[in-house]
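Chemist: Sharing final_21.pdb (PDB, C-alpha atoms) below.
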ATOM      1  CA  GLN W   1      -1.185 -18.817 -27.278  1.00  0.00           C
ATOM      2  CA  VAL W   2       1.436 -17.928 -24.705  1.00  0.00           C
ATOM      3  CA  GLN W   3       3.434 -14.739 -24.992  1.00  0.00           C
ATOM      4  CA  LEU W   4       6.680 -14.377 -23.106  1.00  0.00           C
ATOM      5  CA  VAL W   5       8.403 -11.037 -22.588  1.00  0.00           C
ATOM      6  CA  GLU W   6      11.911 -10.874 -21.152  1.00  0.00           C
ATOM      7  CA  SER W   7      13.510  -7.861 -19.526  1.00  0.00           C
ATOM      8  CA  GLY W   8      16.483  -6.957 -17.376  1.00  0.00           C
ATOM      9  CA  GLY W   9      19.330  -7.457 -19.812  1.00  0.00           C
ATOM     10  CA  GLY W  10      22.092  -4.925 -20.273  1.00  0.00           C
ATOM     11  CA  LEU W  11      25.789  -4.198 -20.049  1.00  0.00           C
ATOM     12  CA  VAL W  12      27.655  -5.155 -16.897  1.00  0.00           C
ATOM     13  CA  GLN W  13      31.282  -5.498 -15.880  1.00  0.00           C
ATOM     14  CA  ALA W  14      32.808  -8.858 -15.098  1.00  0.00           C
ATOM     15  CA  GLY W  15      31.971  -9.885 -11.561  1.00  0.00           C
ATOM     16  CA  GLY W  16      28.712  -7.988 -11.610  1.00  0.00           C
ATOM     17  CA  SER W  17      25.109  -9.133 -11.389  1.00  0.00           C
ATOM     18  CA  LEU W  18      21.914  -8.886 -13.369  1.00  0.00           C
ATOM     19  CA  ARG W  19      18.389 -10.105 -12.784  1.00  0.00           C
ATOM     20  CA  LEU W  20      16.333 -11.162 -15.765  1.00  0.00           C
ATOM     21  CA  SER W  21      12.561 -11.356 -15.668  1.00  0.00           C
ATOM     22  CA  CYS W  22      10.107 -13.063 -17.975  1.00  0.00           C
ATOM     23  CA  VAL W  23       6.406 -12.312 -17.806  1.00  0.00           C
ATOM     24  CA  ALA W  24       3.996 -14.792 -19.349  1.00  0.00           C
ATOM     25  CA  SER W  25       0.628 -13.796 -20.708  1.00  0.00           C
ATOM     26  CA  VAL W  26      -1.264 -16.960 -19.881  1.00  0.00           C
ATOM     27  CA  ARG W  27      -4.185 -17.836 -17.620  1.00  0.00           C
ATOM     28  CA  ALA W  28      -2.672 -20.777 -15.785  1.00  0.00           C
ATOM     29  CA  PHE W  29       1.010 -20.006 -15.423  1.00  0.00           C
ATOM     30  CA  SER W  30       1.377 -22.819 -12.921  1.00  0.00           C
ATOM     31  CA  ASN W  31       0.633 -25.282 -15.743  1.00  0.00           C
ATOM     32  CA  TYR W  32       4.004 -24.511 -17.287  1.00  0.00           C
ATOM     33  CA  ALA W  33       7.561 -25.446 -16.564  1.00  0.00           C
ATOM     34  CA  MET W  34       9.837 -22.541 -17.399  1.00  0.00           C
ATOM     35  CA  GLY W  35      13.351 -22.386 -18.733  1.00  0.00           C
ATOM     36  CA  TRP W  36      16.096 -19.964 -19.643  1.00  0.00           C
ATOM     37  CA  PHE W  37      18.347 -20.533 -22.629  1.00  0.00           C
ATOM     38  CA  ARG W  38      21.044 -18.374 -24.179  1.00  0.00           C
ATOM     39  CA  GLN W  39      22.673 -17.947 -27.550  1.00  0.00           C
ATOM     40  CA  ALA W  40      26.035 -16.330 -28.127  1.00  0.00           C
ATOM     41  CA  PRO W  41      27.089 -15.101 -31.592  1.00  0.00           C
ATOM     42  CA  GLY W  42      28.021 -18.006 -33.832  1.00  0.00           C
ATOM     43  CA  LYS W  43      26.905 -20.604 -31.304  1.00  0.00           C
ATOM     44  CA  GLU W  44      23.856 -22.777 -30.808  1.00  0.00           C
ATOM     45  CA  ARG W  45      21.205 -21.916 -28.284  1.00  0.00           C
ATOM     46  CA  GLU W  46      22.063 -23.629 -25.024  1.00  0.00           C
ATOM     47  CA  PHE W  47      20.276 -24.496 -21.824  1.00  0.00           C
ATOM     48  CA  VAL W  48      20.901 -22.306 -18.786  1.00  0.00           C
ATOM     49  CA  ALA W  49      18.303 -23.130 -16.130  1.00  0.00           C
ATOM     50  CA  ALA W  50      14.784 -24.462 -15.636  1.00  0.00           C
ATOM     51  CA  VAL W  51      12.155 -24.629 -12.935  1.00  0.00           C
ATOM     52  CA  THR W  52       9.166 -26.944 -12.604  1.00  0.00           C
ATOM     53  CA  TRP W  53       5.615 -25.655 -12.386  1.00  0.00           C
ATOM     54  CA  SER W  54       5.648 -25.582  -8.581  1.00  0.00           C
ATOM     55  CA  GLY W  55       9.122 -24.122  -8.233  1.00  0.00           C
ATOM     56  CA  ARG W  56      10.128 -27.157  -6.205  1.00  0.00           C
ATOM     57  CA  ASN W  57      12.671 -28.469  -8.691  1.00  0.00           C
ATOM     58  CA  THR W  58      15.345 -26.410 -10.389  1.00  0.00           C
ATOM     59  CA  TYR W  59      17.983 -27.437 -12.898  1.00  0.00           C
ATOM     60  CA  TYR W  60      21.137 -25.696 -14.081  1.00  0.00           C
ATOM     61  CA  ALA W  61      23.789 -26.018 -16.719  1.00  0.00           C
ATOM     62  CA  ASP W  62      27.165 -26.845 -15.206  1.00  0.00           C
ATOM     63  CA  SER W  63      28.575 -23.571 -16.522  1.00  0.00           C
ATOM     64  CA  VAL W  64      26.222 -21.481 -14.375  1.00  0.00           C
ATOM     65  CA  LYS W  65      25.710 -23.697 -11.341  1.00  0.00           C
ATOM     66  CA  GLY W  66      26.468 -21.799  -8.149  1.00  0.00           C
ATOM     67  CA  ARG W  67      26.278 -18.419  -9.896  1.00  0.00           C
ATOM     68  CA  PHE W  68      22.770 -18.275 -11.357  1.00  0.00           C
ATOM     69  CA  THR W  69      19.452 -18.843  -9.587  1.00  0.00           C
ATOM     70  CA  ILE W  70      16.115 -19.448 -11.275  1.00  0.00           C
ATOM     71  CA  SER W  71      12.881 -18.772  -9.433  1.00  0.00           C
ATOM     72  CA  ARG W  72       9.241 -18.105 -10.194  1.00  0.00           C
ATOM     73  CA  ASP W  73       6.290 -16.233  -8.788  1.00  0.00           C
ATOM     74  CA  ASN W  74       3.115 -17.901 -10.018  1.00  0.00           C
ATOM     75  CA  ALA W  75       0.969 -15.083  -8.644  1.00  0.00           C
ATOM     76  CA  LYS W  76       2.795 -12.671 -10.963  1.00  0.00           C
ATOM     77  CA  ASN W  77       3.164 -15.009 -13.958  1.00  0.00           C
ATOM     78  CA  THR W  78       6.876 -14.317 -13.782  1.00  0.00           C
ATOM     79  CA  VAL W  79      10.084 -16.325 -13.847  1.00  0.00           C
ATOM     80  CA  TYR W  80      13.392 -14.807 -12.815  1.00  0.00           C
ATOM     81  CA  LEU W  81      17.035 -15.509 -13.456  1.00  0.00           C
ATOM     82  CA  GLN W  82      19.413 -13.982 -10.920  1.00  0.00           C
ATOM     83  CA  MET W  83      22.897 -13.931 -12.409  1.00  0.00           C
ATOM     84  CA  ASN W  84      25.887 -13.295 -10.165  1.00  0.00           C
ATOM     85  CA  SER W  85      29.631 -13.358 -10.746  1.00  0.00           C
ATOM     86  CA  LEU W  86      29.124 -12.731 -14.421  1.00  0.00           C
ATOM     87  CA  ASN W  87      32.011 -13.216 -16.817  1.00  0.00           C
ATOM     88  CA  PRO W  88      32.473 -12.383 -20.520  1.00  0.00           C
ATOM     89  CA  GLU W  89      31.581 -15.975 -21.472  1.00  0.00           C
ATOM     90  CA  ASP W  90      28.045 -15.265 -20.223  1.00  0.00           C
ATOM     91  CA  THR W  91      27.541 -12.705 -22.993  1.00  0.00           C
ATOM     92  CA  ALA W  92      24.562 -13.824 -25.078  1.00  0.00           C
ATOM     93  CA  VAL W  93      20.939 -13.238 -25.888  1.00  0.00           C
ATOM     94  CA  TYR W  94      18.905 -14.838 -23.118  1.00  0.00           C
ATOM     95  CA  TYR W  95      15.584 -16.447 -23.971  1.00  0.00           C
ATOM     96  CA  CYS W  96      12.718 -17.438 -21.756  1.00  0.00           C
ATOM     97  CA  ALA W  97      10.816 -20.604 -22.696  1.00  0.00           C
ATOM     98  CA  ALA W  98       7.649 -22.340 -21.530  1.00  0.00           C
ATOM     99  CA  LYS W  99       6.680 -25.992 -21.533  1.00  0.00           C
ATOM    100  CA  ARG W 100       3.078 -26.913 -20.853  1.00  0.00           C
ATOM    101  CA  THR W 101       3.093 -29.472 -18.075  1.00  0.00           C
ATOM    102  CA  SER W 102       1.905 -29.656 -14.502  1.00  0.00           C
ATOM    103  CA  THR W 103       3.854 -32.805 -13.758  1.00  0.00           C
ATOM    104  CA  TYR W 104       7.445 -33.548 -12.963  1.00  0.00           C
ATOM    105  CA  ILE W 105      10.021 -33.045 -15.694  1.00  0.00           C
ATOM    106  CA  SER W 106      13.423 -34.667 -15.602  1.00  0.00           C
ATOM    107  CA  PRO W 107      16.706 -32.758 -15.858  1.00  0.00           C
ATOM    108  CA  THR W 108      17.133 -34.224 -19.327  1.00  0.00           C
ATOM    109  CA  GLN W 109      13.761 -32.927 -20.460  1.00  0.00           C
ATOM    110  CA  ALA W 110      14.376 -29.547 -18.869  1.00  0.00           C
ATOM    111  CA  GLY W 111      17.560 -29.102 -20.835  1.00  0.00           C
ATOM    112  CA  ARG W 112      16.149 -29.896 -24.271  1.00  0.00           C
ATOM    113  CA  ARG W 113      15.130 -26.988 -26.512  1.00  0.00           C
ATOM    114  CA  ASP W 114      12.521 -29.060 -28.318  1.00  0.00           C
ATOM    115  CA  GLU W 115      10.658 -29.704 -25.052  1.00  0.00           C
ATOM    116  CA  TYR W 116       9.502 -26.088 -24.941  1.00  0.00           C
ATOM    117  CA  GLU W 117       6.546 -24.889 -27.012  1.00  0.00           C
ATOM    118  CA  TYR W 118       6.809 -21.160 -26.447  1.00  0.00           C
ATOM    119  CA  TRP W 119       9.702 -18.729 -26.611  1.00  0.00           C
ATOM    120  CA  GLY W 120      10.277 -15.074 -25.898  1.00  0.00           C
ATOM    121  CA  GLN W 121      12.123 -12.641 -28.131  1.00  0.00           C
ATOM    122  CA  GLY W 122      15.201 -12.551 -25.945  1.00  0.00           C
ATOM    123  CA  THR W 123      17.139  -9.965 -23.992  1.00  0.00           C
ATOM    124  CA  GLN W 124      20.783  -9.103 -24.575  1.00  0.00           C
ATOM    125  CA  VAL W 125      23.301  -9.583 -21.784  1.00  0.00           C
ATOM    126  CA  THR W 126      26.792  -8.222 -22.367  1.00  0.00           C
ATOM    127  CA  VAL W 127      29.582  -8.708 -19.857  1.00  0.00           C
ATOM    128  CA  SER W 128      32.699  -6.600 -20.319  1.00  0.00           C
ATOM    129  CA  SER W 129      36.102  -7.684 -19.080  1.00  0.00           C
TER     130      SER W 129
END
Kindly transcribe the structure held in the file into structure tokens.
Modeler:
Amino acid sequence: QVQLVESGGGLVQAGGSLRLSCVASVRAFSNYAMGWFRQAPGKEREFVAAVTWSGRNTYYADSVKGRFTISRDNAKNTVYLQMNSLNPEDTAVYYCAAKRTSTYISPTQAGRRDEYEYWGQGTQVTVSS
């Protein structure tokens, strides 16, 4: 069983930055592709960003491309989401997700919720205007 714990959410003004972290309690973190999703009130959970097991490939939703950066530190079992130039439309609960695979995943796979077996509890990000 994989447990994922997110942190780093909070309240920030438009234009500001936040860095989310997700720590995975798993022996072989490098056997997992990792993703970030978000869910705003009244909306479906949507893909934000993903990174392959090696960190070599990263994928982003068009809405965050150029503003958000996903990265991972396999030695620390941690995946990060650096969020810059935040705007009120980024307000949501952000979830970390893990997909067991040590092979390449396509952008299509990375963006699908049902590709991920494990999910964290989420961390709230609120951006004020």
Chemist: Once the PyMOL selection byres ((chain W and resi 63) around 12) has been evaluated on this model, what residues remain selected, and can you format them as a list in words?
Modeler: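 Answer for the PyMOL selection byres ((chain W and resi 63) around 12): Arg38, Glu46, Phe47, Val48, Ala49, Tyr59, Tyr60, Ala61, Asp62, Val64, Lys65, Gly66, Arg67, Phe68, Met83, Ser85, Leu86, Asn87, Glu89 and Asp90 of chain W.
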Chemist: Using all atoms listed in the file, find the one residue out of W:Arg45, W:Arg112, W:Arg56, W:Arg100 that sits nearest to Ala33 (chain W).
Modeler: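 Closest residue, counting all atoms listed in the file: W:Arg100.
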Chemist: CA of Gln3 (chain W) and CA of Lys43 (chain W) are how many Å apart?
Modeler: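 These two atoms are separated by 25.0 Å.
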Chemist: Could you work out how far CA of Tyr80 (chain W) lies from CA of Tyr32 (chain W), giving the answer in Å with one decimal?
Modeler: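 Separation of CA of Tyr32 (chain W) and CA of Tyr80 (chain W): 14.2 Å.
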Chemist: Build an axis-aligned box that encloses every atom of region 14-27 of chain W listed in the file, pad it by 4 Å on each side, and report its centre and edge lengths in Å to one decimal, as lines of an AutoDock Vina configuration file.
Modeler:
center_x = 14.3
center_y = -12.9
center_z = -16.0
size_x = 45.0
size_y = 17.8
size_z = 17.3
Chemist: Would you mind writing region 34-63 of chain W with N, CA and C atoms, as a tab-separated table (two decimals), in the coordinates of the input?
Modeler:
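Wrote out-v8.tsv, looks like this:
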chain	number	residue	atom	x	y	z
W	34	MET	N	9.21	-23.68	-16.75
W	34	MET	CA	9.84	-22.54	-17.40
W	34	MET	C	11.35	-22.74	-17.48
W	35	GLY	N	11.91	-22.26	-18.56
W	35	GLY	CA	13.35	-22.39	-18.73
W	35	GLY	C	13.99	-21.12	-19.25
W	36	TRP	N	15.28	-21.02	-19.04
W	36	TRP	CA	16.10	-19.96	-19.64
W	36	TRP	C	17.16	-20.63	-20.51
W	37	PHE	N	17.31	-20.10	-21.71
W	37	PHE	CA	18.35	-20.53	-22.63
W	37	PHE	C	19.12	-19.30	-23.06
W	38	ARG	N	20.28	-19.51	-23.67
W	38	ARG	CA	21.04	-18.37	-24.18
W	38	ARG	C	21.74	-18.75	-25.48
W	39	GLN	N	22.00	-17.73	-26.27
W	39	GLN	CA	22.67	-17.95	-27.55
W	39	GLN	C	23.70	-16.86	-27.77
W	40	ALA	N	24.94	-17.26	-27.84
W	40	ALA	CA	26.04	-16.33	-28.13
W	40	ALA	C	26.25	-16.28	-29.64
W	41	PRO	N	26.85	-15.21	-30.14
W	41	PRO	CA	27.09	-15.10	-31.59
W	41	PRO	C	27.86	-16.30	-32.13
W	42	GLY	N	27.34	-16.89	-33.20
W	42	GLY	CA	28.02	-18.01	-33.83
W	42	GLY	C	27.88	-19.33	-33.12
W	43	LYS	N	27.07	-19.37	-32.07
W	43	LYS	CA	26.90	-20.60	-31.30
W	43	LYS	C	25.45	-21.03	-31.27
W	44	GLU	N	25.22	-22.28	-30.93
W	44	GLU	CA	23.86	-22.78	-30.81
W	44	GLU	C	23.24	-22.29	-29.50
W	45	ARG	N	21.92	-22.28	-29.50
W	45	ARG	CA	21.20	-21.92	-28.28
W	45	ARG	C	21.41	-23.03	-27.26
W	46	GLU	N	21.77	-22.64	-26.04
W	46	GLU	CA	22.06	-23.63	-25.02
W	46	GLU	C	21.24	-23.41	-23.77
W	47	PHE	N	21.04	-24.51	-23.07
W	47	PHE	CA	20.28	-24.50	-21.82
W	47	PHE	C	21.04	-23.76	-20.73
W	48	VAL	N	20.30	-23.00	-19.92
W	48	VAL	CA	20.90	-22.31	-18.79
W	48	VAL	C	20.30	-22.82	-17.47
W	49	ALA	N	18.97	-22.74	-17.38
W	49	ALA	CA	18.30	-23.13	-16.13
W	49	ALA	C	16.83	-23.40	-16.40
W	50	ALA	N	16.21	-24.17	-15.52
W	50	ALA	CA	14.78	-24.46	-15.64
W	50	ALA	C	14.19	-24.66	-14.25
W	51	VAL	N	12.88	-24.46	-14.19
W	51	VAL	CA	12.16	-24.63	-12.94
W	51	VAL	C	10.83	-25.31	-13.24
W	52	THR	N	10.43	-26.26	-12.40
W	52	THR	CA	9.17	-26.94	-12.60
W	52	THR	C	7.99	-26.03	-12.24
W	53	TRP	N	6.79	-26.50	-12.54
W	53	TRP	CA	5.62	-25.66	-12.39
W	53	TRP	C	5.45	-25.15	-10.96
W	54	SER	N	5.84	-25.95	-9.98
W	54	SER	CA	5.65	-25.58	-8.58
W	54	SER	C	6.81	-24.77	-8.02
W	55	GLY	N	7.92	-24.76	-8.75
W	55	GLY	CA	9.12	-24.12	-8.23
W	55	GLY	C	9.95	-25.03	-7.35
W	56	ARG	N	9.46	-26.26	-7.14
W	56	ARG	CA	10.13	-27.16	-6.20
W	56	ARG	C	11.43	-27.70	-6.77
W	57	ASN	N	11.47	-27.92	-8.06
W	57	ASN	CA	12.67	-28.47	-8.69
W	57	ASN	C	13.30	-27.45	-9.63
W	58	THR	N	14.60	-27.29	-9.50
W	58	THR	CA	15.34	-26.41	-10.39
W	58	THR	C	16.53	-27.16	-10.97
W	59	TYR	N	16.89	-26.78	-12.19
W	59	TYR	CA	17.98	-27.44	-12.90
W	59	TYR	C	18.88	-26.37	-13.50
W	60	TYR	N	20.17	-26.67	-13.58
W	60	TYR	CA	21.14	-25.70	-14.08
W	60	TYR	C	22.17	-26.36	-14.98
W	61	ALA	N	22.63	-25.60	-15.95
W	61	ALA	CA	23.79	-26.02	-16.72
W	61	ALA	C	25.01	-25.95	-15.81
W	62	ASP	N	25.96	-26.82	-16.05
W	62	ASP	CA	27.16	-26.84	-15.21
W	62	ASP	C	27.89	-25.50	-15.24
W	63	SER	N	27.83	-24.82	-16.36
W	63	SER	CA	28.58	-23.57	-16.52
W	63	SER	C	28.04	-22.44	-15.65
